[in-house]
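J.: Before I ask anything, here is the structure I am working with.
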Amino acid sequence: MSKATTLTKKQMFDALQVLKENVQPSDLAEASSYVIFQNGRVCAMNDSVAVSVPLFCEVDGCAVELQLLYDFIRKMPDKEFMIGLNNGNLKIKGKNSIAEFATRDDILFDENFINTDTTKFKILPETFAEALNFTGFATDPEKAAYNRCVIYDGCMYALSAYRGAKYDMGDDAKEMFEGMVFITPECSNFVNKMHPTKYLIQDGYVHLYDND
């Protein structure tokens with residue numbers, strides 16, 4: 001096993017859990033079923049959400065089926081293990097368990113999604129999570145015109161054929177967001193668990209950043 005790195009089960013499981021909870025598999029995006037090891041991070045993406053988590057190991061430039069890896073790590077008895085590439089496969093070796101997973105090198109994570117330069121980010125209103133939770137139910141994921149919440153003039157709105165919602169985010173929010181900002185409610189799991197404090201709008205995406 002070349003360039004093996006020692007990790008704890010908790011480090012790997014926590015990282016995979018964030019990906020699994022926030023990136024839903026999609027028939028429109030084959031990559032959505034994979035965890036991507038890239039530049040010291042584990043990443044996952046579908047057609048509307050991309051998430052990356054620091055996991056510093058020597059594995060780089062390959063993808064593994066997320067569910068298979070998640071299930072193995074969740075059930076493995078070892079608290080610590082070695083991870084690396086072995087003849088093109090991802091190999092995990094603990095004291096009492098060992099496994100190899102087929103990898104793919106044709107699934108890559110867009111580096112534009114990884115933006116950790118916090119000097120470019122703006123403060124996220126404290127009411128953001130509550131507004132998203134309140135309005136998200138009114139969206140319709142099956143209709144492109146209704147599958148986003150909208151932030152405008154300090155309020156968050158959502159509208160579909162049979163539902164509507166509005167949440168006043170406070171006077172501070174009017175200065176924190178310029179124009180209209182569209183947010184997918186799919187990010188609510190990430191927002192509720194990771195409590196992001198900053199945001200950046202760039203390249204057609206809203207980047208949410210938490211301290212980890």
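Ordered as shown in the structure tokens, chains take letters A, B, and onward, while each chain numbers its residues from 1 and ligands are numbered from 1 in the order shown.
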Do you know which residues are at most 12 Å from Asp117 (chain A) counting only C-alpha atoms, after dropping those on the same chain fewer than 2 positions away, and could you put them as a PyMOL selection string?

T.: chain A and resi 112-115+119-122+198-200+207-211

J.: Could you please take those selected residues and save N, CA, C and O atoms as a short mmCIF file (atom, residue, chain, number, x, y, z; two decimals), in the first residue's frame?

T.:
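File part_0.cif, as written:
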data_model
loop_
_atom_site.label_atom_id
_atom_site.label_comp_id
_atom_site.auth_asym_id
_atom_site.auth_seq_id
_atom_site.Cartn_x
_atom_site.Cartn_y
_atom_site.Cartn_z
N ASN A 112 -13.35 24.95 -8.10
CA ASN A 112 -14.02 26.23 -7.83
C ASN A 112 -14.99 26.13 -6.65
O ASN A 112 -15.36 27.14 -6.06
N PHE A 113 -15.42 24.88 -6.33
CA PHE A 113 -16.32 24.69 -5.20
C PHE A 113 -15.59 24.79 -3.87
O PHE A 113 -16.21 24.96 -2.83
N ILE A 114 -14.27 24.63 -3.89
CA ILE A 114 -13.49 24.66 -2.65
C ILE A 114 -12.90 26.06 -2.51
O ILE A 114 -11.91 26.40 -3.14
N ASN A 115 -13.51 26.85 -1.70
CA ASN A 115 -13.06 28.22 -1.50
C ASN A 115 -12.99 28.49 0.00
O ASN A 115 -14.00 28.68 0.66
N THR A 119 -11.39 35.82 3.55
CA THR A 119 -11.38 37.27 3.33
C THR A 119 -12.40 37.66 2.27
O THR A 119 -12.81 38.82 2.20
N LYS A 120 -12.80 36.70 1.44
CA LYS A 120 -13.77 36.99 0.38
C LYS A 120 -15.21 36.82 0.86
O LYS A 120 -16.14 37.24 0.19
N PHE A 121 -15.39 36.19 2.01
CA PHE A 121 -16.73 35.86 2.48
C PHE A 121 -17.37 37.01 3.25
O PHE A 121 -16.67 37.85 3.81
N LYS A 122 -18.70 36.99 3.27
CA LYS A 122 -19.48 37.96 4.04
C LYS A 122 -20.15 37.24 5.22
O LYS A 122 -20.36 36.03 5.18
N LYS A 198 -20.52 32.23 7.42
CA LYS A 198 -20.16 33.14 6.34
C LYS A 198 -20.64 32.59 5.00
O LYS A 198 -20.88 31.39 4.86
N TYR A 199 -20.77 33.47 4.03
CA TYR A 199 -21.20 33.04 2.70
C TYR A 199 -20.46 33.84 1.63
O TYR A 199 -19.95 34.94 1.86
N LEU A 200 -20.43 33.25 0.44
CA LEU A 200 -19.84 33.90 -0.72
C LEU A 200 -20.65 33.52 -1.94
O LEU A 200 -20.98 32.34 -2.13
N HIS A 207 -21.71 29.84 -1.68
CA HIS A 207 -20.77 29.04 -0.88
C HIS A 207 -21.04 29.32 0.59
O HIS A 207 -21.02 30.49 1.01
N LEU A 208 -21.28 28.28 1.36
CA LEU A 208 -21.48 28.40 2.80
C LEU A 208 -20.27 27.83 3.51
O LEU A 208 -19.79 26.76 3.17
N TYR A 209 -19.78 28.55 4.49
CA TYR A 209 -18.52 28.19 5.15
C TYR A 209 -18.72 28.08 6.65
O TYR A 209 -19.33 28.94 7.28
N ASP A 210 -18.23 26.97 7.23
CA ASP A 210 -18.19 26.86 8.68
C ASP A 210 -16.74 26.71 9.10
O ASP A 210 -15.86 26.46 8.28
N ASN A 211 -16.46 26.88 10.38
CA ASN A 211 -15.09 26.94 10.84
C ASN A 211 -14.29 25.66 10.65
O ASN A 211 -13.07 25.66 10.71
#

J.: Skip region 67-79 of chain A itself and residues of its chain fewer than 3 positions away, then list as a PyMOL selection string all residues within 12 Å of it, counting only C-alpha atoms.

T.: chain A and resi 6-21+23-25+32-36+44+63-64+82-83+90-103

J.: Run DSSP on the backbone of this structure and report the residues of chain A it assigns to strand (DSSP E), as a PyMOL selection string.

T.: chain A and resi 2-8+34-38+41-45+50-54+62-65+80-86+89-94+98-102+122-123+149-152+155-159+164-168+181-183+198-202+205-209

J.: Show me, as an NGL selection string, the residues that have an atom within 9 Å of region 147-150 of chain A when counting only C-alpha atoms, minus same-chain residues fewer than 6 positions from it.

T.: :A and (132 or 135-136 or 138-141 or 156-160 or 180-185)

J.: Kindly give the distance, in Å, that separates CA of Arg104 (chain A) and CA of Phe37 (chain A), rounded to a single decimal.

T.: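 A separation of 10.4 Å between them.
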
J.: Between A:Lys3, A:Phe177, A:Asn89, A:Asn133, which has the minimum distance to Phe190 (chain A) (counting only C-alpha atoms)?

T.: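 Checking each candidate against Phe190 (chain A), we get A:Asn133 as the closest.
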
J.: What is the CA of Ile123 (chain A)-CA of Gly40 (chain A) distance in Å, reported with one decimal?

T.: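 So the two atoms, CA of Ile123 (chain A) and CA of Gly40 (chain A), lie 26.1 Å apart.
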
J.: CA of Tyr167 (chain A) and CA of Tyr205 (chain A) are how many Å apart?

T.: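 If I compute the distance from CA of Tyr167 (chain A) to CA of Tyr205 (chain A), I get 22.0 Å.
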
J.: Considering only C-alpha atoms, state which residue in the set A:Asp203, A:Glu178, A:Asp212, A:Ala131 is at the smallest distance from Ala165 (chain A).

T.: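 Between A:Asp203, A:Glu178, A:Asp212, A:Ala131, the residue approaching Ala165 (chain A) most closely is A:Ala131.
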
J.: Please return as a PyMOL selection string: the residues of region 114-148 of chain A that backbone DSSP assigns to helix (DSSP H, G or I).

T.: chain A and resi 118-120+128-138+144-146
